[in-house]
Amino acid sequence: MILNLRTAGGNALSILTSDVMNRATSFVMYALVARHLGAPEFGQLSLAFSLFYMFQVFAVAGLKVLIIRQVARDRSQTNLYFTNACLIVTASSFTAVAALFAFVRLMHYPPGTTLVALLLSIGLFPTAISAVSEGIFQAWEKMHFIPWVNIPVNLARIVGTFLLLTKGQGLYAVILLLLGSFFAVAGAEISIVLRQFPVRHAPISLAFSRKTLGSAITFLGIDGTLAIEASVNVLYLSKLATVSQVGFYSAATQVMVPLFLVYQSLAQSIFPLMCRNIEAGFHTLKRIAVQAVEILLMLAVPAVAGITFLGDWILSVLYKNPAFLQAAPALRIVAWTLVLQVFSNVLGQVLLATHRERMTLRIVMVNTAISLAAGWPLIKLFGLRGAAITLLVNRLAGFLQHYLPVSRLFSGIPLLRIIWKPIAAAAFMTAYLAMPSNQAAIWRGVSATLIYGGALLALTIWRSGGPRRFKERYLVPLSQKT
């Protein structure tokens, strides 16, 4: 197999472990704030994080992807990119903080919400430094350093949040704890880069910095537009509805996070592999991309079926608050984005690896324009459901814009061959979930998952030509050390 499952899987697992821990920590903090402080504080934290992630992109200045691509090709330039990228993000971070301050003043948010957002914005500088360090780790395919740092810091963050809130401290104390953890991660990752990679005694070159920033402008445009696109629904809800509606929307989208993390981690792990194999031709890239899409669809399709039938139970288990059941209709709409996002994540890496980042920029600009144009009337008319519909329309547009050009590039993508097995297996799962049952929701979910897994395995063995051919095609490559 072109895609080395052992290497890519290990790197993907490292990124996934770190991302899961980061998102799990954020989710636990959300839940603790909701239970100890209430819905208004939950909404304030959701809005503050949305603004933070939007301006974080401008603090990083598009450098992370550029560093991965350039250093993966020529590791002798590690020292130049690390030193000068740190210089660039130092300036861009403080610019981003000033821009965030101006934005919240322009939006006329309540004083408490404004202060939470401004306090959190201090973390833009250390997180930008962390992005540069993690770009070096990924370029060298040493992704295991990322969870080494993030796991202990996130565990400390969870424990610290719990202790602060149980002792009667407020949201400001939680924000200060977050800032401390951001600086701790940045310091630890810089220490690893200095000790493990050839970056010492690297010169600071203003000419190289200007050239690097110029090369990263397209990536900054892509990431910045994506950040705006991701924040549109939250910003519209904050102005057209209530802070609580912002919280319910965040609650629905948080359910999608585990699978999106899998998508992101696999896509990031195969990106250096794509960059190195570009000289081998598009046939090699096609095989890598098709394998990745096929794997992810096997996870996405049954997830949509499960959320459709068990969405209320999922929300009640995660948030332990009946109010959050108001997010169930939006959750069922948002679930369909899981399938569409598989193609956008993987095929987006193909565009970047083949130096078609300007096409990617055009895609995200179109998606953002769709969200801006459709979001306002849909949210004004339908509130929370309107935000979910806007997100689904956005993801459908993204799928089409990624699939069509990459399909032309690859002289076709075997879509039916990729998707028929998970759809057929999910049909058995859906039939089971649709039947009336007094069984507890958790056991219905477990049973449905086993039915899907068994059906998918049977279809794969049949399609392979029998158990022996299945073993030769799938099991033997996994056991071979390459």
# chains A, B, ... in the order shown; residues from 1 in each chain; ligands from 1
>>> residues_around(residues="segment 446-452 of chain A", least_positions_apart="2", cutoff="10 Å", atoms="only C-alpha atoms", output="list in words")
Met298, Pro302, Ala303, Ala305, Gly306, Pro422, Ile423, Ala424, Ala425, Ala426, Ala427, Phe428, Met429, Thr430, Ala431, Tyr432, Leu433, Ala441, Ile442, Trp443, Arg444, Gly454, Ala455, Leu456, Leu457 and Ala458 of chain A
>>> residues_around(residues="Leu297 of chain A", least_positions_apart="2", cutoff="7 Å", atoms="only C-alpha atoms", output="list in words")
Val293, Glu294, Ile295, Leu299, Ala300, Val301, Val339, Val342, Ile419 and Pro422 of chain A
>>> closest_residue(among="A:Phe52, A:Phe58, A:Phe145, A:Phe94", to="Ser18 of chain A", atoms="only C-alpha atoms")
A:Phe145
>>> residues_around(residues="Gly398 of chain A", least_positions_apart="2", cutoff="7 Å", atoms="only C-alpha atoms", output="list in words")
Ser344, Ile363, Asn367, Asn394, Arg395, Leu396, Leu400, Gln401 and His402 of chain A
>>> write_last_selection(atoms="N, CA, C and O atoms", output="PDB file, in the first residue's frame")
ATOM      1  N   SER A 344     -13.505  17.216   2.093  1.00  0.00           N
ATOM      2  CA  SER A 344     -12.846  18.521   2.170  1.00  0.00           C
ATOM      3  C   SER A 344     -11.508  18.426   2.892  1.00  0.00           C
ATOM      4  O   SER A 344     -10.518  19.033   2.460  1.00  0.00           O
ATOM      5  N   ILE A 363     -11.731  28.706  -2.498  1.00  0.00           N
ATOM      6  CA  ILE A 363     -12.781  27.851  -1.924  1.00  0.00           C
ATOM      7  C   ILE A 363     -13.273  28.419  -0.606  1.00  0.00           C
ATOM      8  O   ILE A 363     -14.482  28.549  -0.373  1.00  0.00           O
ATOM      9  N   ASN A 367     -16.944  29.875   0.466  1.00  0.00           N
ATOM     10  CA  ASN A 367     -17.681  29.328   1.611  1.00  0.00           C
ATOM     11  C   ASN A 367     -18.039  30.413   2.620  1.00  0.00           C
ATOM     12  O   ASN A 367     -19.145  30.424   3.176  1.00  0.00           O
ATOM     13  N   ASN A 394     -22.867  25.364   3.865  1.00  0.00           N
ATOM     14  CA  ASN A 394     -21.450  25.717   3.753  1.00  0.00           C
ATOM     15  C   ASN A 394     -20.595  24.486   3.466  1.00  0.00           C
ATOM     16  O   ASN A 394     -19.729  24.495   2.573  1.00  0.00           O
ATOM     17  N   ARG A 395     -20.835  23.412   4.196  1.00  0.00           N
ATOM     18  CA  ARG A 395     -20.039  22.187   4.023  1.00  0.00           C
ATOM     19  C   ARG A 395     -20.316  21.529   2.670  1.00  0.00           C
ATOM     20  O   ARG A 395     -19.412  20.940   2.059  1.00  0.00           O
ATOM     21  N   LEU A 396     -21.556  21.608   2.189  1.00  0.00           N
ATOM     22  CA  LEU A 396     -21.883  21.060   0.874  1.00  0.00           C
ATOM     23  C   LEU A 396     -21.131  21.823  -0.215  1.00  0.00           C
ATOM     24  O   LEU A 396     -20.572  21.215  -1.148  1.00  0.00           O
ATOM     25  N   LEU A 400     -18.176  20.213  -2.852  1.00  0.00           N
ATOM     26  CA  LEU A 400     -18.210  20.324  -4.304  1.00  0.00           C
ATOM     27  C   LEU A 400     -16.955  21.023  -4.837  1.00  0.00           C
ATOM     28  O   LEU A 400     -16.377  20.609  -5.854  1.00  0.00           O
ATOM     29  N   GLN A 401     -16.521  22.063  -4.139  1.00  0.00           N
ATOM     30  CA  GLN A 401     -15.368  22.827  -4.606  1.00  0.00           C
ATOM     31  C   GLN A 401     -14.056  22.078  -4.443  1.00  0.00           C
ATOM     32  O   GLN A 401     -13.071  22.376  -5.137  1.00  0.00           O
ATOM     33  N   HIS A 402     -13.994  21.134  -3.516  1.00  0.00           N
ATOM     34  CA  HIS A 402     -12.792  20.296  -3.389  1.00  0.00           C
ATOM     35  C   HIS A 402     -12.849  19.104  -4.340  1.00  0.00           C
ATOM     36  O   HIS A 402     -11.854  18.759  -4.984  1.00  0.00           O
TER      37      HIS A 402
END
>>> closest_residue(among="A:Leu391, A:Leu115, A:Leu171, A:Val350", to="Gly38 of chain A", atoms="only C-alpha atoms")
A:Leu171
>>> closest_residue(among="A:Tyr249, A:Trp376, A:Phe103, A:Phe271", to="Ala388 of chain A", atoms="only C-alpha atoms")
A:Tyr249
>>> closest_residue(among="A:Val71, A:Ile418, A:Val255, A:Ala34", to="Arg276 of chain A", atoms="only C-alpha atoms")
A:Val71
>>> select_by_dssp(residues="segment 295-385 of chain A", states="alpha helix (DSSP H)", output="mmCIF file with C-alpha atoms, in the first residue's frame")
data_model
loop_
_atom_site.group_PDB
_atom_site.id
_atom_site.type_symbol
_atom_site.label_atom_id
_atom_site.label_comp_id
_atom_site.auth_asym_id
_atom_site.auth_seq_id
_atom_site.Cartn_x
_atom_site.Cartn_y
_atom_site.Cartn_z
ATOM 1 C CA ILE A 295 -11.001 4.916 5.969
ATOM 2 C CA LEU A 296 -12.697 8.082 7.229
ATOM 3 C CA LEU A 297 -16.024 7.359 5.521
ATOM 4 C CA MET A 298 -16.181 4.071 7.404
ATOM 5 C CA LEU A 299 -16.365 6.185 10.565
ATOM 6 C CA ALA A 300 -18.498 9.070 9.312
ATOM 7 C CA VAL A 301 -21.451 7.242 7.749
ATOM 8 C CA PRO A 302 -22.446 5.203 10.844
ATOM 9 C CA ALA A 303 -21.946 8.282 13.031
ATOM 10 C CA VAL A 304 -24.657 10.115 11.068
ATOM 11 C CA ALA A 305 -27.062 7.202 11.585
ATOM 12 C CA GLY A 306 -26.284 7.019 15.295
ATOM 13 C CA ILE A 307 -26.758 10.751 15.893
ATOM 14 C CA THR A 308 -30.024 10.768 13.936
ATOM 15 C CA PHE A 309 -31.608 8.198 16.261
ATOM 16 C CA LEU A 310 -29.711 8.767 19.522
ATOM 17 C CA GLY A 311 -29.030 12.528 19.432
ATOM 18 C CA ASP A 312 -31.207 13.378 22.449
ATOM 19 C CA TRP A 313 -29.551 10.717 24.572
ATOM 20 C CA ILE A 314 -26.062 11.883 23.501
ATOM 21 C CA LEU A 315 -26.817 15.458 24.576
ATOM 22 C CA SER A 316 -28.320 14.388 27.897
ATOM 23 C CA VAL A 317 -25.290 12.226 28.707
ATOM 24 C CA LEU A 318 -22.716 14.836 27.721
ATOM 25 C CA TYR A 319 -24.223 17.906 29.377
ATOM 26 C CA ALA A 328 -31.126 18.206 19.385
ATOM 27 C CA PRO A 329 -32.787 19.430 16.123
ATOM 28 C CA ALA A 330 -29.658 21.391 15.226
ATOM 29 C CA LEU A 331 -27.481 18.389 16.075
ATOM 30 C CA ARG A 332 -29.364 16.145 13.614
ATOM 31 C CA ILE A 333 -28.833 18.698 10.851
ATOM 32 C CA VAL A 334 -25.166 19.278 11.650
ATOM 33 C CA THR A 337 -21.554 17.569 7.713
ATOM 34 C CA LEU A 338 -19.511 14.603 8.954
ATOM 35 C CA VAL A 339 -19.655 12.911 5.547
ATOM 36 C CA LEU A 340 -19.005 16.073 3.538
ATOM 37 C CA GLN A 341 -16.069 17.096 5.686
ATOM 38 C CA VAL A 342 -14.206 13.842 4.953
ATOM 39 C CA PHE A 343 -13.673 14.912 1.355
ATOM 40 C CA SER A 344 -12.846 18.521 2.170
ATOM 41 C CA ASN A 345 -10.209 17.560 4.740
ATOM 42 C CA VAL A 346 -8.383 14.962 2.656
ATOM 43 C CA LEU A 347 -8.700 16.562 -0.784
ATOM 44 C CA GLY A 348 -7.742 19.912 0.719
ATOM 45 C CA GLN A 349 -4.354 18.396 1.588
ATOM 46 C CA VAL A 350 -3.951 17.372 -2.062
ATOM 47 C CA LEU A 351 -4.442 20.967 -3.189
ATOM 48 C CA LEU A 352 -1.872 22.242 -0.692
ATOM 49 C CA ALA A 353 0.673 19.525 -1.503
ATOM 50 C CA GLU A 357 -3.182 26.986 -2.245
ATOM 51 C CA ARG A 358 -4.691 29.831 -4.252
ATOM 52 C CA MET A 359 -7.482 27.475 -5.262
ATOM 53 C CA THR A 360 -7.942 26.616 -1.590
ATOM 54 C CA LEU A 361 -8.119 30.325 -0.790
ATOM 55 C CA ARG A 362 -10.825 30.752 -3.421
ATOM 56 C CA ILE A 363 -12.781 27.851 -1.924
ATOM 57 C CA VAL A 364 -12.765 29.231 1.603
ATOM 58 C CA MET A 365 -13.630 32.707 0.356
ATOM 59 C CA VAL A 366 -16.662 31.327 -1.474
ATOM 60 C CA ASN A 367 -17.681 29.328 1.611
ATOM 61 C CA THR A 368 -17.348 32.385 3.813
ATOM 62 C CA ALA A 369 -19.419 34.454 1.410
ATOM 63 C CA ILE A 370 -22.123 31.747 1.481
ATOM 64 C CA SER A 371 -22.162 31.756 5.288
ATOM 65 C CA LEU A 372 -22.295 35.542 5.437
ATOM 66 C CA ALA A 373 -25.088 35.770 2.859
ATOM 67 C CA ALA A 374 -27.197 32.804 4.002
ATOM 68 C CA GLY A 375 -26.515 32.971 7.727
ATOM 69 C CA TRP A 376 -28.181 36.281 8.518
ATOM 70 C CA PRO A 377 -31.637 35.525 7.016
ATOM 71 C CA LEU A 378 -31.642 31.863 8.083
ATOM 72 C CA ILE A 379 -30.680 32.629 11.691
ATOM 73 C CA LYS A 380 -33.047 35.595 11.836
ATOM 74 C CA LEU A 381 -35.933 33.376 10.654
ATOM 75 C CA PHE A 382 -35.124 30.023 12.257
ATOM 76 C CA LEU A 384 -30.620 27.826 16.151
ATOM 77 C CA ARG A 385 -31.866 25.588 13.334
#
>>> closest_residue(among="A:Gly187, A:Pro111, A:Gly168, A:Pro203", to="Asn84 of chain A", atoms="only C-alpha atoms")
A:Pro203
>>> closest_residue(among="A:Leu285, A:Leu409, A:Ala335, A:Leu226", to="Leu392 of chain A", atoms="only C-alpha atoms")
A:Ala335
>>> residues_around(residues="Ile217 of chain A", least_positions_apart="4", cutoff="12 Å", atoms="only C-alpha atoms", output="list of chain:residue names")
A:Val57, A:Phe58, A:Val60, A:Ala61, A:Gly62, A:Leu63, A:Lys64, A:Val65, A:Leu66, A:Arg210, A:Lys211, A:Thr212, A:Leu213, A:Gly221, A:Ile222, A:Asp223, A:Gly224, A:Thr225, A:Glu357, A:Arg358, A:Leu361
>>> atom_distance(atom1="atom CA of Thr390 of chain A", atom2="atom CA of Ser50 of chain A")
17.0 Å
>>> atom_distance(atom1="atom CA of Pro152 of chain A", atom2="atom CA of Ala227 of chain A")
27.7 Å
>>> atom_distance(atom1="atom CA of Ser209 of chain A", atom2="atom CA of Gln77 of chain A")
13.0 Å
